[in-house]
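Worksheet for the structure shown next.
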Amino acid sequence: MALLHLSLHPPSPLSFHWTGTIPSLLSSRRSSTQLRHRITFTAAASTSASASLLPSDSAIRDFWRWLRERGALPQPSPPVRPAFVPEGLGLVAERDMLRNELLMEIPKKLWINADTVAASAIGPVTLGLIPWVSIALFILREKAMGTASSWRPYLDILPQETDSPIFWSEEELSQIRGTQLLNTTIGVKEYVQSEFNKVEDEVILPNKHLFPKTITAADFLWAFGVLRSRAFSRLRGDKIALIPFADLINHSSTITSEDICWEIKGKGVFSRELMFSLRTPAYVKAGEQVYIQYDLEKSNTELVDYGFIDRRQRREVYTMTLEISESDPFYGDKLDIAESSGLGEIAYFDIVLDEPLPPLMLPYLRLVAIGGTDAFLLEAIFRNSVWGHLELPVSRANEERICRVVREACNSALSGHHTTIEEVLHLPIYCLHFTMNS
Ligand SMILES: C[S@@+](CC[C@H](N)C(=O)[O-])C[C@H]1O[C@@H](n2cnc3c(N)ncnc32)[C@H](O)[C@@H]1O
């Protein structure tokens, strides 16, 4: 038996580890028009951020004062200021700025990362926790401390939620029933819940004196969502950090390079003080919003974690997951052959809309589907030349088998849709997944 999955790549702006099962083939029951109400498209971001979820003017003023008092604003006047924009809060230029001009330098003492937590009152009890979990506990504790927290002005401007599917209501989620997106969202929420259960038992409850208010699973999910949507994509894992002020910058698909936007480097005597510096990726006029490119590598299924998708760039990427099943009578030989080309029992192939298939995908598919009289190709004597054979059709039967299974999977997927094919094709968040029994 050979098992083939066609599935969307799970979104992961942060490198969290979770395992989730891939659902059987389904598709969105919500029309693309309906989904657009919930997912913001970058090309028309005006639907984002409802006013009730935005921080108040006075919260923004307090935050500004807080940044100034902590030396995060250059004298005499910073080149950007926080402002209400269609994407919620954003950064607006105070003057015309050229490409590569310095927007801000945020000293390390203002970042919230694992070191910040370690040096805080909960440092001793959070030792050994995954960095994002300890940061989540830290911000929830500081939030609960209210005016007693020195981080309050920053915490007060964080959004109550984003449009990420982890914050969608049950009713909204029910409308994407069957999509990979729903499954991924459920997987992520289960992962967060299980981390919460662990940290509640091991850290929060035994140290109640350190946590002024009860921390709920919903609070913990909020903190996770904040981190997931605000951490710079290359600051992952142990390096994960919240960088106040810098994290107000929004994404635009019109910015097509991400290389010069930000860097971390030492400053001051002996370059000891680390700074996060952010630069303009393009010329911007006074009064206009400054944007960056969050991550050119991210597909829309990953960007949706931020609560929006990008219609202007080629981000319709689907990851096809192929697997050599352990119950395949030729499992050992097939695995050996796959490994000789750097592949494994499971192989992932990114398929980009309107672009050629990944070069090894068809050969791997042929390998997975080999059986019957074609099995002679798996013999050790062909080991050095087998990939050359797999580049071309192995046999009519092998090719037909692949085509039949893929076609059946597609038909089955489309028959599950309540929408027309045209609507489905306009909806970037759908998936195909299938199992093939030989
Ligand atoms: C790093 S924060 C940027 C600041 C954020 N706008 C705020 O109000 O705090 C990332 C979040 O901003 C919003 N965002 C950023 N770029 C966007 C875009 N192009 N379209 C819609 N929302 C965007 C999303 O909610 C995302 O989760």
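Labeling convention for the structure tokens: chains A, B, ... as they appear, residues from 1 per chain, ligands from 1 in order of appearance.
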>> Please identify all protein, DNA and RNA residues within 9 Å of ligand 1, counting only C-alpha atoms and all ligand atoms, and report them as an MDAnalysis selection string.
In response: chainID A and resid 39:49 54:55 84:91 157:159 161:164 225:226 228:232 245:253 291:294 303:310
Pull C-alpha atoms from the residues just selected and write them as a JSON list (two decimals), in the first residue's frame.
```json
[["chain", "number", "residue", "atom", "x", "y", "z"],
["A", 39, "ILE", "CA", -9.04, 37.37, 6.15],
["A", 40, "THR", "CA", -7.50, 40.70, 5.30],
["A", 41, "PHE", "CA", -5.95, 40.97, 1.89],
["A", 42, "THR", "CA", -2.83, 43.09, 1.91],
["A", 43, "ALA", "CA", -3.79, 44.81, -1.31],
["A", 44, "ALA", "CA", -6.85, 46.26, 0.44],
["A", 45, "ALA", "CA", -6.11, 46.26, 4.11],
["A", 46, "SER", "CA", -8.84, 48.73, 4.96],
["A", 47, "THR", "CA", -11.06, 45.96, 6.31],
["A", 48, "SER", "CA", -8.68, 45.20, 9.15],
["A", 49, "ALA", "CA", -8.63, 46.18, 12.82],
["A", 54, "LEU", "CA", -7.50, 49.38, 18.91],
["A", 55, "PRO", "CA", -5.64, 51.01, 21.79],
["A", 84, "PHE", "CA", -3.73, 54.41, 13.35],
["A", 85, "VAL", "CA", -3.64, 52.89, 9.88],
["A", 86, "PRO", "CA", -5.84, 50.38, 8.04],
["A", 87, "GLU", "CA", -3.74, 47.52, 9.48],
["A", 88, "GLY", "CA", -4.34, 48.65, 13.09],
["A", 89, "LEU", "CA", -1.34, 50.53, 14.40],
["A", 90, "GLY", "CA", 1.56, 51.27, 12.09],
["A", 91, "LEU", "CA", 4.53, 53.56, 11.61],
["A", 157, "ILE", "CA", -0.89, 49.02, 23.00],
["A", 158, "LEU", "CA", -0.87, 45.35, 22.07],
["A", 159, "PRO", "CA", -3.97, 44.29, 20.13],
["A", 161, "GLU", "CA", -6.55, 39.85, 19.04],
["A", 162, "THR", "CA", -5.55, 39.61, 15.41],
["A", 163, "ASP", "CA", -7.39, 38.07, 12.46],
["A", 164, "SER", "CA", -5.31, 34.92, 12.81],
["A", 225, "GLY", "CA", -0.94, 34.96, 19.28],
["A", 226, "VAL", "CA", 0.89, 38.17, 20.17],
["A", 228, "ARG", "CA", 3.37, 34.63, 16.76],
["A", 229, "SER", "CA", 2.23, 37.76, 14.96],
["A", 230, "ARG", "CA", 4.89, 40.17, 16.26],
["A", 231, "ALA", "CA", 8.15, 38.26, 16.46],
["A", 232, "PHE", "CA", 10.39, 38.96, 13.47],
["A", 245, "PHE", "CA", 8.08, 50.04, 18.60],
["A", 246, "ALA", "CA", 9.80, 47.98, 15.87],
["A", 247, "ASP", "CA", 6.89, 45.55, 16.11],
["A", 248, "LEU", "CA", 4.50, 48.26, 14.93],
["A", 249, "ILE", "CA", 5.75, 47.97, 11.38],
["A", 250, "ASN", "CA", 3.27, 46.44, 8.95],
["A", 251, "HIS", "CA", 3.84, 44.29, 5.89],
["A", 252, "SER", "CA", 3.40, 45.35, 2.30],
["A", 253, "SER", "CA", 3.76, 43.22, -0.81],
["A", 291, "TYR", "CA", 6.20, 49.11, 5.51],
["A", 292, "ILE", "CA", 8.56, 46.20, 5.31],
["A", 293, "GLN", "CA", 8.38, 42.81, 3.66],
["A", 294, "TYR", "CA", 7.78, 40.28, 6.45],
["A", 303, "LEU", "CA", 1.04, 34.55, 6.29],
["A", 304, "VAL", "CA", -2.55, 33.90, 7.34],
["A", 305, "ASP", "CA", -1.20, 33.36, 10.83],
["A", 306, "TYR", "CA", -0.63, 37.09, 10.95],
["A", 307, "GLY", "CA", -4.28, 37.52, 10.03],
["A", 308, "PHE", "CA", -3.85, 38.51, 6.40],
["A", 309, "ILE", "CA", -2.81, 37.10, 3.08],
["A", 310, "ASP", "CA", -0.99, 38.57, 0.13]]
```
> Just asking: which residues within stretch 95-288 of chain A are strand (DSSP E) according to DSSP, as a PyMOL selection string?
Replying inline: chain A and resi 102-107+112-113+241-242+250-251+262-267+273-279
>> Taking 4 positions as the minimum chain separation for residues in the same chain, which residues sit within 7 Å of stretch 192-199 of chain A when counting only C-alpha atoms? Answer as number ranges by chain.
In response: A: 188, 203-204, 217, 220-221
Selected residues, N, CA and C atoms, written as a compact mmCIF listing (two decimals), in the first residue's frame, please.
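The resulting file, out.txt, is shown below:
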```txt
# COMPACT_ATOMS: atom_id res chain seq x y z
N VAL A 188 -2.72 23.80 16.24
CA VAL A 188 -1.98 24.83 16.96
C VAL A 188 -2.67 25.12 18.30
N VAL A 203 4.25 25.33 36.94
CA VAL A 203 4.81 26.65 37.30
C VAL A 203 3.77 27.57 37.96
N ILE A 204 2.62 27.72 37.33
CA ILE A 204 1.68 28.74 37.84
C ILE A 204 1.10 28.33 39.21
N ALA A 217 -6.50 29.71 30.08
CA ALA A 217 -6.03 29.18 28.78
C ALA A 217 -6.23 30.24 27.69
N PHE A 220 -3.45 32.69 27.80
CA PHE A 220 -2.23 32.08 27.28
C PHE A 220 -2.26 32.05 25.74
N LEU A 221 -3.43 31.77 25.19
CA LEU A 221 -3.57 31.77 23.72
C LEU A 221 -3.34 33.17 23.17
```
>> Given only C-alpha atoms as the basis, pick out the residue of A:Leu392, A:Leu129, A:Val290, A:Met97 nearest to A:Pro359.
In response: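 Once distances to A:Pro359 are computed over only C-alpha atoms, the minimum belongs to A:Leu392.
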What are the DSSP alpha helix (DSSP H) residues of stretch 222-385 of chain A, as a short mmCIF file (atom, residue, chain, number, x, y, z; two decimals) with N, CA and C atoms, in the first residue's frame?
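Result file follows (out.cif):
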```cif
data_model
loop_
_atom_site.label_atom_id
_atom_site.label_comp_id
_atom_site.auth_asym_id
_atom_site.auth_seq_id
_atom_site.Cartn_x
_atom_site.Cartn_y
_atom_site.Cartn_z
N TRP A 222 -3.85 34.17 23.89
CA TRP A 222 -3.63 35.57 23.46
C TRP A 222 -2.12 35.85 23.41
N ALA A 223 -1.41 35.47 24.47
CA ALA A 223 0.03 35.75 24.52
C ALA A 223 0.75 35.02 23.39
N PHE A 224 0.32 33.80 23.13
CA PHE A 224 0.90 33.03 22.02
C PHE A 224 0.65 33.78 20.70
N GLY A 225 -0.58 34.25 20.52
CA GLY A 225 -0.94 34.96 19.28
C GLY A 225 -0.13 36.23 19.11
N VAL A 226 0.09 36.93 20.21
CA VAL A 226 0.89 38.17 20.17
C VAL A 226 2.30 37.84 19.70
N LEU A 227 2.87 36.82 20.31
CA LEU A 227 4.24 36.45 19.93
C LEU A 227 4.32 35.99 18.48
N ARG A 228 3.36 35.20 18.11
CA ARG A 228 3.37 34.63 16.76
C ARG A 228 3.23 35.71 15.69
N SER A 229 2.47 36.74 15.99
CA SER A 229 2.23 37.76 14.96
C SER A 229 3.23 38.91 15.03
N ARG A 230 4.00 39.00 16.13
CA ARG A 230 4.89 40.17 16.26
C ARG A 230 6.37 39.85 16.24
N ASN A 300 1.00 31.94 1.50
CA ASN A 300 -0.18 32.57 2.10
C ASN A 300 -0.72 31.78 3.28
N THR A 301 -0.52 30.47 3.25
CA THR A 301 -1.01 29.68 4.37
C THR A 301 -0.19 29.93 5.62
N GLU A 302 1.00 30.47 5.45
CA GLU A 302 1.79 30.84 6.62
C GLU A 302 1.48 32.28 7.01
N LEU A 303 1.34 33.14 5.98
CA LEU A 303 1.04 34.55 6.29
C LEU A 303 -0.30 34.69 7.01
N TYR A 331 8.93 -1.68 0.78
CA TYR A 331 9.27 -0.54 1.65
C TYR A 331 10.78 -0.33 1.79
N GLY A 332 11.50 -1.39 2.17
CA GLY A 332 12.95 -1.28 2.45
C GLY A 332 13.71 -0.78 1.23
N ASP A 333 13.45 -1.39 0.07
CA ASP A 333 14.16 -1.00 -1.15
C ASP A 333 13.82 0.44 -1.54
N LYS A 334 12.54 0.77 -1.44
CA LYS A 334 12.13 2.13 -1.84
C LYS A 334 12.77 3.18 -0.93
N LEU A 335 12.81 2.85 0.34
CA LEU A 335 13.41 3.80 1.29
C LEU A 335 14.90 3.97 0.99
N ASP A 336 15.55 2.86 0.72
CA ASP A 336 16.97 2.88 0.39
C ASP A 336 17.21 3.80 -0.83
N ILE A 337 16.38 3.64 -1.82
CA ILE A 337 16.52 4.43 -3.05
C ILE A 337 16.25 5.91 -2.76
N ALA A 338 15.18 6.16 -1.98
CA ALA A 338 14.84 7.55 -1.64
C ALA A 338 16.01 8.20 -0.91
N GLU A 339 16.58 7.45 0.04
CA GLU A 339 17.69 8.01 0.84
C GLU A 339 18.92 8.26 -0.01
N SER A 340 19.09 7.48 -1.05
CA SER A 340 20.28 7.70 -1.90
C SER A 340 20.18 9.04 -2.62
N MET A 361 9.87 15.60 -7.73
CA MET A 361 8.54 15.16 -7.31
C MET A 361 8.02 13.99 -8.14
N LEU A 362 8.08 14.13 -9.47
CA LEU A 362 7.56 13.04 -10.31
C LEU A 362 8.37 11.75 -10.13
N PRO A 363 9.73 11.85 -10.12
CA PRO A 363 10.48 10.62 -9.87
C PRO A 363 10.10 9.95 -8.53
N TYR A 364 9.90 10.77 -7.50
CA TYR A 364 9.55 10.20 -6.19
C TYR A 364 8.15 9.56 -6.26
N LEU A 365 7.24 10.26 -6.95
CA LEU A 365 5.88 9.70 -7.11
C LEU A 365 5.95 8.35 -7.81
N ARG A 366 6.78 8.29 -8.86
CA ARG A 366 6.91 7.02 -9.59
C ARG A 366 7.47 5.94 -8.68
N LEU A 367 8.44 6.32 -7.87
CA LEU A 367 9.04 5.36 -6.94
C LEU A 367 7.98 4.83 -5.97
N VAL A 368 7.22 5.76 -5.39
CA VAL A 368 6.20 5.35 -4.42
C VAL A 368 5.19 4.41 -5.07
N ALA A 369 4.87 4.68 -6.34
CA ALA A 369 3.80 3.92 -7.00
C ALA A 369 4.30 2.63 -7.65
#
```
>> Could you list, as a PyMOL selection string, every residue within 8 Å of stretch 61-73 of chain A, counting only C-alpha atoms and ignoring same-chain residues fewer than 6 positions away?
In response: chain A and resi 104-107+110+153-154+157
C-alpha atoms of the current selection, written as a PDB file, in the first residue's frame:
```pdb
ATOM      1  CA  MET A 104      14.900  53.397  14.944  1.00  0.00           C
ATOM      2  CA  GLU A 105      17.380  51.689  17.215  1.00  0.00           C
ATOM      3  CA  ILE A 106      15.867  49.729  20.064  1.00  0.00           C
ATOM      4  CA  PRO A 107      18.309  48.844  22.862  1.00  0.00           C
ATOM      5  CA  LEU A 110      13.678  47.166  25.850  1.00  0.00           C
ATOM      6  CA  PRO A 153       2.733  51.292  28.380  1.00  0.00           C
ATOM      7  CA  TYR A 154       3.922  48.717  25.877  1.00  0.00           C
ATOM      8  CA  ILE A 157      -0.888  49.022  23.000  1.00  0.00           C
TER       9      ILE A 157
END
```
>> Restricting the calculation to only C-alpha atoms: of A:Gly237, A:Trp111, A:Ser56, A:Leu173, which residue gets closest to A:Met275?
In response: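 Once distances to A:Met275 are computed over only C-alpha atoms, the minimum belongs to A:Trp111.
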> Quick one: distance from atom CA of A:Arg404 to atom CA of A:Leu343 in Å, one decimal?
Replying inline: 24.2 Å
> What is the distance between atom CA of A:Ala241 and atom CA of A:Gln289, in Å to one decimal?
Replying inline: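 Atom-to-atom, atom CA of A:Ala241 and atom CA of A:Gln289 are spaced 23.7 Å apart.
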> Hey, which of A:Tyr191, A:Trp132, A:Ile122, A:Ser257 ends up closest to A:Arg99? Count only C-alpha atoms.
Replying inline: A:Ser257
> Rounded to one decimal in Å, what is the spacing between atom CA of A:Asn113 and atom CA of A:Ile240?
Replying inline: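 Distance reported for this atom pair: 6.2 Å.
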